[in-house]
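To start, the structure itself, in structure tokens.
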Amino acid sequence: MPTPEQLDGLYRVSYYLTYLSFQPIHLVCIDKRTANLFILAGHDEEIVTEITSAGEVF
């Protein structure tokens, strides 16, 4: 399960991608090795974002 900080980061990133940049989100999952939330987005799947358990967005 994602942490509350990850869910907050997911909301902010999702809002930015869909409503401000008009980019589709293809995949959202938790990397079991690092416990980071992984987001794959973009028309050509070129946007890769990770959110740590502390809520930091990379």
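Starting from 1 in every chain, residues are counted up; chains themselves are A, B, ... following the order of the structure tokens, and ligands are numbered from 1 as listed.
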Quick one: residues within 10 Å of Ile30 (chain A), only C-alpha atoms, excluding same-chain residues fewer than 6 positions away - as a short mmCIF file (atom, residue, chain, number, x, y, z; two decimals) with C-alpha atoms, in the first residue's frame?
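Contents of the output file selection.cif:
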```cif
data_model
loop_
_atom_site.label_atom_id
_atom_site.label_comp_id
_atom_site.auth_asym_id
_atom_site.auth_seq_id
_atom_site.Cartn_x
_atom_site.Cartn_y
_atom_site.Cartn_z
CA MET A 1 0.00 0.00 0.00
CA PRO A 2 1.24 3.49 -0.76
CA ASN A 36 8.70 3.76 -4.56
CA LEU A 37 5.56 4.59 -6.49
CA PHE A 38 6.35 4.38 -10.22
CA ILE A 39 4.46 6.38 -12.87
CA GLU A 50 9.06 7.92 -9.00
CA ILE A 51 7.65 8.99 -5.65
CA THR A 52 9.52 7.86 -2.53
#
```
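Using only C-alpha atoms, the contacts of Pro24 (chain A) at a cut-off of 9 Å, with sequence neighbours closer than 5 positions omitted, comprise Leu17, Thr18, Leu40, Ala41, Gly42, His43 and Glu45 of chain A.
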Export of the given selection (N, CA and C atoms) as a compact mmCIF listing (two decimals), in the first residue's frame:
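As written to disk, again.txt reads:
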```
# COMPACT_ATOMS: atom_id res chain seq x y z
N LEU A 17 0.00 16.15 -14.92
CA LEU A 17 0.11 15.45 -16.21
C LEU A 17 -1.18 15.52 -17.02
N THR A 18 -2.31 15.31 -16.38
CA THR A 18 -3.55 15.20 -17.14
C THR A 18 -4.22 16.54 -17.42
N LEU A 40 4.44 5.83 -15.24
CA LEU A 40 4.88 5.89 -16.63
C LEU A 40 3.81 6.66 -17.39
N ALA A 41 4.21 7.76 -18.04
CA ALA A 41 3.24 8.64 -18.69
C ALA A 41 3.81 9.20 -19.98
N GLY A 42 2.98 9.94 -20.69
CA GLY A 42 3.39 10.60 -21.93
C GLY A 42 2.84 9.90 -23.14
N HIS A 43 2.68 10.65 -24.21
CA HIS A 43 2.14 10.08 -25.44
C HIS A 43 3.02 8.95 -25.97
N GLU A 45 5.23 7.37 -23.91
CA GLU A 45 5.71 6.75 -22.66
C GLU A 45 7.12 7.22 -22.30
```
- Item | Interatomic distance, CA of Val48 (chain A) to CA of Pro4 (chain A) (Å, one decimal) |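 Spanning CA of Val48 (chain A) to CA of Pro4 (chain A) is a straight-line distance of 20.7 Å.
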- Message: Would you compute the distance between CA of Asp31 (chain A) and CA of Ala54 (chain A)? Give it in Å to one decimal.
- Response: 14.5 Å
- Message: Between CA of Ser14 (chain A) and CA of Val28 (chain A), what distance in Å does the model show, to one decimal?
- Response: 10.1 Å
- Task: Could you check which of A:Asp44, A:Val13, A:Asp8, A:Ala35 is closest to Phe58 (chain A), using only C-alpha atoms?
- Result: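 So, comparing all the options, the nearest one is A:Val13.
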- Quick one: pick out all strand (DSSP E) residues within chain A from a backbone DSSP run and write them as a ChimeraX atom specification. /A:25-30,37-41,47-51
With N, CA, C and O atoms retained, could you export that selection as a PDB file, in the first residue's frame?
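Final file, part09.pdb:
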```pdb
ATOM      1  N   ILE A  25      -1.554   8.899 -18.708  1.00  0.00           N
ATOM      2  CA  ILE A  25      -0.829   8.081 -17.731  1.00  0.00           C
ATOM      3  C   ILE A  25      -1.069   6.628 -18.108  1.00  0.00           C
ATOM      4  O   ILE A  25      -2.206   6.181 -18.196  1.00  0.00           O
ATOM      5  N   HIS A  26       0.018   5.885 -18.329  1.00  0.00           N
ATOM      6  CA  HIS A  26      -0.086   4.500 -18.796  1.00  0.00           C
ATOM      7  C   HIS A  26       0.005   3.477 -17.667  1.00  0.00           C
ATOM      8  O   HIS A  26      -0.627   2.427 -17.739  1.00  0.00           O
ATOM      9  N   LEU A  27       0.801   3.777 -16.646  1.00  0.00           N
ATOM     10  CA  LEU A  27       1.051   2.778 -15.611  1.00  0.00           C
ATOM     11  C   LEU A  27       1.347   3.467 -14.284  1.00  0.00           C
ATOM     12  O   LEU A  27       2.103   4.441 -14.244  1.00  0.00           O
ATOM     13  N   VAL A  28       0.752   2.953 -13.213  1.00  0.00           N
ATOM     14  CA  VAL A  28       1.067   3.373 -11.848  1.00  0.00           C
ATOM     15  C   VAL A  28       1.213   2.103 -11.029  1.00  0.00           C
ATOM     16  O   VAL A  28       0.297   1.279 -10.985  1.00  0.00           O
ATOM     17  N   CYS A  29       2.375   1.908 -10.411  1.00  0.00           N
ATOM     18  CA  CYS A  29       2.590   0.711  -9.590  1.00  0.00           C
ATOM     19  C   CYS A  29       3.635   1.009  -8.518  1.00  0.00           C
ATOM     20  O   CYS A  29       4.318   2.020  -8.574  1.00  0.00           O
ATOM     21  N   ILE A  30       3.753   0.105  -7.561  1.00  0.00           N
ATOM     22  CA  ILE A  30       4.757   0.220  -6.509  1.00  0.00           C
ATOM     23  C   ILE A  30       5.896  -0.740  -6.831  1.00  0.00           C
ATOM     24  O   ILE A  30       5.669  -1.930  -7.061  1.00  0.00           O
ATOM     25  N   LEU A  37       6.693   4.593  -5.578  1.00  0.00           N
ATOM     26  CA  LEU A  37       5.561   4.590  -6.490  1.00  0.00           C
ATOM     27  C   LEU A  37       6.093   4.988  -7.863  1.00  0.00           C
ATOM     28  O   LEU A  37       6.762   6.011  -7.993  1.00  0.00           O
ATOM     29  N   PHE A  38       5.819   4.188  -8.874  1.00  0.00           N
ATOM     30  CA  PHE A  38       6.351   4.381 -10.221  1.00  0.00           C
ATOM     31  C   PHE A  38       5.219   4.816 -11.139  1.00  0.00           C
ATOM     32  O   PHE A  38       4.147   4.215 -11.133  1.00  0.00           O
ATOM     33  N   ILE A  39       5.459   5.865 -11.930  1.00  0.00           N
ATOM     34  CA  ILE A  39       4.463   6.376 -12.872  1.00  0.00           C
ATOM     35  C   ILE A  39       5.095   6.445 -14.259  1.00  0.00           C
ATOM     36  O   ILE A  39       6.147   7.058 -14.428  1.00  0.00           O
ATOM     37  N   LEU A  40       4.443   5.825 -15.238  1.00  0.00           N
ATOM     38  CA  LEU A  40       4.877   5.890 -16.634  1.00  0.00           C
ATOM     39  C   LEU A  40       3.813   6.665 -17.394  1.00  0.00           C
ATOM     40  O   LEU A  40       2.634   6.296 -17.378  1.00  0.00           O
ATOM     41  N   ALA A  41       4.211   7.756 -18.039  1.00  0.00           N
ATOM     42  CA  ALA A  41       3.239   8.635 -18.691  1.00  0.00           C
ATOM     43  C   ALA A  41       3.813   9.200 -19.982  1.00  0.00           C
ATOM     44  O   ALA A  41       4.976   8.977 -20.323  1.00  0.00           O
ATOM     45  N   ILE A  47       7.775   9.816 -20.148  1.00  0.00           N
ATOM     46  CA  ILE A  47       7.825  10.444 -18.826  1.00  0.00           C
ATOM     47  C   ILE A  47       7.825   9.351 -17.761  1.00  0.00           C
ATOM     48  O   ILE A  47       6.878   8.583 -17.641  1.00  0.00           O
ATOM     49  N   VAL A  48       8.914   9.283 -17.005  1.00  0.00           N
ATOM     50  CA  VAL A  48       9.056   8.295 -15.934  1.00  0.00           C
ATOM     51  C   VAL A  48       9.242   9.060 -14.630  1.00  0.00           C
ATOM     52  O   VAL A  48      10.135   9.886 -14.518  1.00  0.00           O
ATOM     53  N   THR A  49       8.382   8.794 -13.658  1.00  0.00           N
ATOM     54  CA  THR A  49       8.423   9.495 -12.379  1.00  0.00           C
ATOM     55  C   THR A  49       8.364   8.478 -11.253  1.00  0.00           C
ATOM     56  O   THR A  49       7.671   7.477 -11.361  1.00  0.00           O
ATOM     57  N   GLU A  50       9.121   8.753 -10.193  1.00  0.00           N
ATOM     58  CA  GLU A  50       9.057   7.921  -8.996  1.00  0.00           C
ATOM     59  C   GLU A  50       8.766   8.807  -7.805  1.00  0.00           C
ATOM     60  O   GLU A  50       9.255   9.932  -7.724  1.00  0.00           O
ATOM     61  N   ILE A  51       7.977   8.285  -6.884  1.00  0.00           N
ATOM     62  CA  ILE A  51       7.655   8.987  -5.649  1.00  0.00           C
ATOM     63  C   ILE A  51       8.104   8.108  -4.487  1.00  0.00           C
ATOM     64  O   ILE A  51       7.643   6.978  -4.349  1.00  0.00           O
TER      65      ILE A  51
END
```
